[in-house]
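Trainee: Input: one structure, supplied below.
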Amino acid sequence: MAGWVRNDTRGVTIEAEADASALAAFLAVLPQELPPLASISRLDVTPLAPSGASGFVILDSAADVARRAQIPADACVCSDCLRELSDPADRRFRYPFINCTNCGPRFTIVTGIPYDRPQTTMAGFSMCPVCLAEYHDPASRRFHAQPNACPVCGPQLTLVDPHGAPLPGDPLGESLRMLAQGAIVAVKGLGGYHLAVDAGNPAAVRELRRRKRRDEKPFAVMAADLEAVEQFATVSPAEARLLAGVERPIVLLNKLADFLLAEEVAPRNRVIGVMLPYTPLHHLLLERDFLALVMTSGNFADEPIVFRDEEARLRLKEVADVFLGHNRPIHSRADDSVARVLGDRALLLRRSRGFVPRAVALAEELPPVLAVGAELKNTVCLLRGDRAFLGPHVGDLQNVETYAACTTAIGQLRDLLETTPVAVAHDLHPDYLSTRYALEVSGLPLIGVQHHHAHLASCLAEHGVTSPAIGVIFDGLGYGSDGSLWGGEFLVGDLRSCERVGHFRYVALPGGDLAARQPWRMALSYLQDSYDGDLPESACLAEVPEDELRLVHQALAKGINAPLASSCGRLFDAVAALLGVRTVASFEGQAAMELEMLADPEAKAPLRFALKLTDGQLVFDPRPLIRALLEARRRGVGAAELSGRFHATLAELVRQVCLVVRARRGLTTVALSGGVFQNALLTTLVRERLQGAGFTVLSHSLVPPNDGGLSLGQAVVAGWRLRKGR
Ligand code: ZN
Ligand code: ZN
Ligand code: FE
């Protein structure tokens, strides 16, 4: 075959000349024999007249092309490098910074564009002659591998105490010895510091919880390989693929009944977050001594992961006993991504390291818009051409540290993409720090996007759908266009506009924000609503101190600090409390998660509920459902069965609403979004019922359904409004 290949503004162009059967064979194998980090988003084939060319050459790409090329995401160490890592004859034997063109750090070390060594945090290391020869050899796996390094010329490990004083001995060996004794070791990774302890040592894990001031939220663990994971969790083929993918997210797996790790790792939880090693250092840490290490983000609750060495020692000095670091700086923070498997597909719950800054392909070119996300699980998004770039996970924008992380992420995206936004899209909630940034700091024209419309648009954009759809948006709370709090919403809309066609009945949130942390408050509120104040006995309220209960009763009666909301997430909380799952949560969504885990998936008979047309809106009235749950409880029906039937009830509700909307509007596509759709059981049940009724169902996969995916929706809606004129 003759011709050439070149990077250009459209991607990669190949001109190939050969007889028809050779060309057909080439096209057939191309998608299957891609380099490990390549992916094809679209393949266009155009026939050309033969030119009689001979030979095949790689043409240089133009400079402007290099600038517009995407910065790659960080990738786990590849199998070739791993082989060298464990080969005593190799010059990189046990070298913790081994990498090649197929693997290694990317986004987190890039300081500018184009992506070239001087524009990375490897700029300070000059390659030795051997590394340089590899770098310039087209036949080498390290041809133009920007972070290329070896023990002679590259970064080195360091081990220091919390005061920054170097400790004697081999940093890796010393760390392993200390971990084996139950110490807490801060380990510098790709996008930040982890706190590591032996996951099989209950006392060590307890101590980490105490020092990190983390009550019950599960810790993620890292195990050497799939075989090790299978000793404490079940792994389906789809889960194995996700675990072993180059992105190496944390994958939520079901624990084995005989759980070999310390119970303190994920107390009272059927699920455990697991990842496989992704840096050579991780492999060296796990090669022999531990079934798994807890590897939790180096931060305090609600603060962003620390990634600079000084900052790490300062902020983590009370938590970590020692710091296993190195002298290759991290430029951009990137927390671990989190995913679960839904059906056979990945569902990202947090899209960060390994995925950032990969773009989401849009159906059309849009103006460059910056979107600043919501409050919880904040991410930002910047559009360039027909691509949307989501930044790394920032966290909950509730303190100065996360706010600073958010503004840093905005600056980095603008720099990396060399794109100056023409407008900023923001949530309608006036108190979100992201909204305040847009209004007071950005200096850009403002485009407010309603929270649930942004969720709908995020799902449509992920699927490249530009036509109108029915949006079933179930989440915690978002600011509605009528000024009240929404969260159980039925919308009809597209990427530009939408209208509300139905919603959950408004119920008071006693104590406002407190209601999300104390599910018993929601239980009380729903009970009061369902029984007209004539409250039945409920076991879940028996645990609540008398005076607190009385205060909440009064607040509800007088409507003090009890804003109304149509939230689906809070209904999950209430049901979780009523079924005895939990009355107090240590993090938002915990009760709902446990309700899902408890459910018997075979209990598929819906319970009673009401759907009424009120002022043109389809209003879901959960009062018959609450009463049915309580009656069944009293008859002794088990919580697992009732949880299953509660899920089935919501699925049936969605089907009925969509049937009405289809009859009126003729729409047959349904988009599912909002944080509640992190729930795999609900998503599966809703999907089954809708598909059974002939609907096309769109749900998230690579963009989170929760507020972590919101900035994508905001950006796209704003882009469409700008383009088509408001
Ligand atoms: Zn490699
Ligand atoms: Zn070298
Ligand atoms: Fe939301």
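Ordering of the structure tokens sets the chain letters (A, B, ...); residue numbers start at 1 within each chain; ligands are numbered from 1 in the order shown.
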Kindly work out which residues sit at most 7 Å from ligand 1, using only C-alpha atoms and all ligand atoms, and give the list as JSON, numbers by chain.
Mentor: {"A": [77, 78, 79, 80, 81, 99, 100, 101, 102, 103, 104]}
Trainee: Using only C-alpha atoms, which residues of range 387-500 of chain A come within 12 Å of range 513-532 of chain A, and what is the closest atom pair for each, with the distance in Å to one decimal? Give it as a tab-separated table, sorted by chain and residue number.
Mentor:
residue	atom	partner	partner_atom	distance
A:Asp475	CA	A:Ala516	CA	12.0
A:Gly476	CA	A:Ala516	CA	8.4
A:Leu477	CA	A:Ala516	CA	9.6
A:Leu485	CA	A:Asp513	CA	11.6
Trainee: Collect all residues with atoms no farther than 8 Å from ligand 3, counting only C-alpha atoms and all ligand atoms, and output them as a list of chain:residue names.
Mentor: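 The neighbouring residues of ligand 3 are, in order, A:Ala374, A:His451, A:His452, A:His455, A:Phe474, A:Asp475, A:Gly476, A:Leu477, A:Gly478, A:Gly487, A:Gly674, A:Gly675, A:Asn706, A:Asp707, A:Leu710.
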Trainee: Just list the residues in range 101-331 of chain A DSSP gives strand (DSSP E or B) on the backbone, as a VMD selection string.
Mentor: chain A and resid 103 to 104 110 120 157 to 160 166 185 to 188 193 to 198 221 to 222 233 250 to 255 271 to 275 293 to 297 322 to 326
Trainee: Around ligand 2, out to 8 Å and counting only C-alpha atoms and all ligand atoms, which residues are there? I want them as a PyMOL selection string.
Mentor: chain A and resi 127-132+148-154
Trainee: I need the chosen residues saved as a short mmCIF file (atom, residue, chain, number, x, y, z; two decimals), in the first residue's frame, with N, CA and C atoms.
Mentor:
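Writing the result to selection-v2.cif gives the following:
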data_model
loop_
_atom_site.label_atom_id
_atom_site.label_comp_id
_atom_site.auth_asym_id
_atom_site.auth_seq_id
_atom_site.Cartn_x
_atom_site.Cartn_y
_atom_site.Cartn_z
N MET A 127 17.04 14.62 29.17
CA MET A 127 17.20 13.20 28.87
C MET A 127 18.66 12.83 28.69
N CYS A 128 19.03 11.66 29.21
CA CYS A 128 20.37 11.13 28.99
C CYS A 128 20.48 10.66 27.54
N PRO A 129 21.69 10.42 27.03
CA PRO A 129 21.84 10.04 25.62
C PRO A 129 21.00 8.82 25.23
N VAL A 130 20.89 7.85 26.12
CA VAL A 130 20.14 6.64 25.77
C VAL A 130 18.65 6.97 25.63
N CYS A 131 18.11 7.72 26.58
CA CYS A 131 16.70 8.11 26.51
C CYS A 131 16.45 8.98 25.28
N LEU A 132 17.38 9.89 25.00
CA LEU A 132 17.23 10.80 23.87
C LEU A 132 17.19 10.02 22.55
N ASN A 148 9.40 10.61 28.83
CA ASN A 148 10.42 9.55 28.83
C ASN A 148 11.50 9.84 29.88
N ALA A 149 11.91 8.79 30.59
CA ALA A 149 12.88 8.96 31.67
C ALA A 149 13.47 7.61 32.03
N CYS A 150 14.60 7.65 32.73
CA CYS A 150 15.21 6.42 33.24
C CYS A 150 15.89 6.74 34.57
N PRO A 151 16.39 5.74 35.27
CA PRO A 151 16.98 6.00 36.59
C PRO A 151 18.15 6.98 36.51
N VAL A 152 18.80 7.07 35.35
CA VAL A 152 19.96 7.96 35.22
C VAL A 152 19.53 9.41 35.13
N CYS A 153 18.46 9.66 34.38
CA CYS A 153 18.14 11.06 34.06
C CYS A 153 16.79 11.53 34.61
N GLY A 154 15.99 10.63 35.14
CA GLY A 154 14.61 11.00 35.45
C GLY A 154 14.33 11.25 36.92
#
Trainee: Quick one: residues within 12 Å of Phe587 in chain A, only C-alpha atoms, excluding same-chain residues fewer than 3 positions away - as a PDB file with C-alpha atoms, in the first residue's frame?
Mentor:
ATOM      1  CA  ARG A 214     -14.113  10.585  58.198  1.00  0.00           C
ATOM      2  CA  ASP A 215     -17.035   8.795  59.796  1.00  0.00           C
ATOM      3  CA  GLU A 216     -18.608   6.143  57.584  1.00  0.00           C
ATOM      4  CA  LYS A 217     -17.950   7.068  53.992  1.00  0.00           C
ATOM      5  CA  PRO A 218     -16.297   4.049  52.380  1.00  0.00           C
ATOM      6  CA  ALA A 301     -13.682  15.837  54.239  1.00  0.00           C
ATOM      7  CA  ASP A 302     -15.085  18.199  51.603  1.00  0.00           C
ATOM      8  CA  LEU A 376     -22.086  19.605  44.667  1.00  0.00           C
ATOM      9  CA  ASP A 396     -18.501  20.366  46.723  1.00  0.00           C
ATOM     10  CA  ASP A 513     -30.048  21.426  54.236  1.00  0.00           C
ATOM     11  CA  LEU A 514     -30.242  19.349  57.424  1.00  0.00           C
ATOM     12  CA  ALA A 515     -32.972  17.248  55.810  1.00  0.00           C
ATOM     13  CA  ALA A 516     -30.419  15.726  53.420  1.00  0.00           C
ATOM     14  CA  ARG A 517     -28.284  14.532  56.337  1.00  0.00           C
ATOM     15  CA  GLN A 518     -31.143  13.400  58.559  1.00  0.00           C
ATOM     16  CA  PRO A 519     -33.529  11.206  56.587  1.00  0.00           C
ATOM     17  CA  ASP A 573     -34.328   9.353  52.023  1.00  0.00           C
ATOM     18  CA  ARG A 582     -31.094   4.610  58.383  1.00  0.00           C
ATOM     19  CA  VAL A 584     -29.155   9.736  60.098  1.00  0.00           C
ATOM     20  CA  GLN A 590     -26.055   7.535  51.739  1.00  0.00           C
ATOM     21  CA  ALA A 591     -29.568   6.478  52.784  1.00  0.00           C
ATOM     22  CA  ALA A 592     -30.720   6.271  49.165  1.00  0.00           C
ATOM     23  CA  MET A 593     -27.680   4.167  48.255  1.00  0.00           C
ATOM     24  CA  GLU A 594     -28.364   1.758  51.089  1.00  0.00           C
TER      25      GLU A 594
END
Trainee: With only C-alpha atoms as the atoms that count, which of A:Leu324, A:Leu690, A:Val319, A:Leu362 lies nearest to Leu167 in chain A?
Mentor: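 Counting only C-alpha atoms, the residue closest to Leu167 in chain A is A:Leu324.
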Trainee: Applying 10 Å and only C-alpha atoms, which residues near Gly616 in chain A remain after dropping the ones on its own chain fewer than 4 positions away? List them as a PDB file with C-alpha atoms, in the first residue's frame.
Mentor:
ATOM      1  CA  ARG A 500     -41.873  21.432  32.802  1.00  0.00           C
ATOM      2  CA  VAL A 501     -44.755  19.056  32.152  1.00  0.00           C
ATOM      3  CA  GLY A 502     -44.872  17.259  35.489  1.00  0.00           C
ATOM      4  CA  LYS A 612     -53.053  13.849  38.871  1.00  0.00           C
TER       5      LYS A 612
END
Trainee: Enumerate, as a VMD selection string, the complete set of residues in range 221-288 of chain A that a backbone-based DSSP assignment places in helix (DSSP H, G or I).
Mentor: chain A and resid 226 to 229 237 to 244 263 to 265 280 to 286
Trainee: Near Ala204 in chain A, counting only C-alpha atoms, which residues have an atom at most 7 Å away, once you skip same-chain residues fewer than 5 positions from it, shown as JSON, numbers by chain?
Mentor: {"A": [182, 183, 197, 198]}
Trainee: Go through A:Pro563, A:Pro705, A:Pro105, A:Pro72 one by one, measure the shortest atom-to-atom distance of each to Arg358 in chain A using only C-alpha atoms, and give the residue with the smallest value.
Mentor: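 For Arg358 in chain A, the nearest of the candidates is A:Pro72.
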Trainee: Tell me, as a PyMOL selection string, which residues lie within 8 Å of Ala539 in chain A, counting only C-alpha atoms; anything in the same chain fewer than 3 positions away does not count.
Mentor: chain A and resi 542-543+578+580
Trainee: Would you mind exporting N, CA, C and O atoms of the selected residues as an mmCIF file, in the first residue's frame?
Mentor:
data_model
loop_
_atom_site.group_PDB
_atom_site.id
_atom_site.type_symbol
_atom_site.label_atom_id
_atom_site.label_comp_id
_atom_site.auth_asym_id
_atom_site.auth_seq_id
_atom_site.Cartn_x
_atom_site.Cartn_y
_atom_site.Cartn_z
ATOM 1 N N ALA A 542 -38.940 6.634 66.556
ATOM 2 C CA ALA A 542 -38.726 6.292 67.957
ATOM 3 C C ALA A 542 -37.289 6.557 68.384
ATOM 4 O O ALA A 542 -37.006 6.837 69.544
ATOM 5 N N GLU A 543 -36.365 6.502 67.395
ATOM 6 C CA GLU A 543 -34.947 6.709 67.709
ATOM 7 C C GLU A 543 -34.604 8.182 67.911
ATOM 8 O O GLU A 543 -33.529 8.509 68.408
ATOM 9 N N LEU A 578 -38.162 5.194 56.696
ATOM 10 C CA LEU A 578 -39.380 4.460 57.051
ATOM 11 C C LEU A 578 -39.154 2.945 57.035
ATOM 12 O O LEU A 578 -39.772 2.216 57.804
ATOM 13 N N GLY A 580 -36.445 1.567 57.869
ATOM 14 C CA GLY A 580 -35.463 1.205 58.888
ATOM 15 C C GLY A 580 -34.041 1.084 58.364
ATOM 16 O O GLY A 580 -33.178 0.493 59.010
#
Trainee: Work out how far CA of Ala334 in chain A is from CA of Glu375 in chain A, in Å to one decimal.
Mentor: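 Interatomic distance, CA of Glu375 in chain A to CA of Ala334 in chain A: 18.0 Å.
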Trainee: Leaving out Ser497 in chain A and any residue of its chain fewer than 3 positions from it, which residues lie within 8 Å of it when counting only C-alpha atoms, given as a list in words?
Mentor: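 What passes the distance filter is His453, Gly493, Asp494 and Val717 of chain A.
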Trainee: Rank A:Thr158, A:Gln412, A:Thr407, A:Gln554 by their smallest atom-to-atom distance to Ile113 in chain A, using only C-alpha atoms, and report the top residue only.
Mentor: A:Gln412
Trainee: To one decimal place in Å, what is the distance between CA of Thr649 in chain A and CA of Leu681 in chain A?
Mentor: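 So the two atoms, CA of Thr649 in chain A and CA of Leu681 in chain A, lie 12.1 Å apart.
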Trainee: Pick out the closest residue to Asn299 in chain A from this set: A:Arg209, A:Ser39, A:Leu348, A:Cys381. Count only C-alpha atoms.
Mentor: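 Nearest to Asn299 in chain A: A:Arg209.
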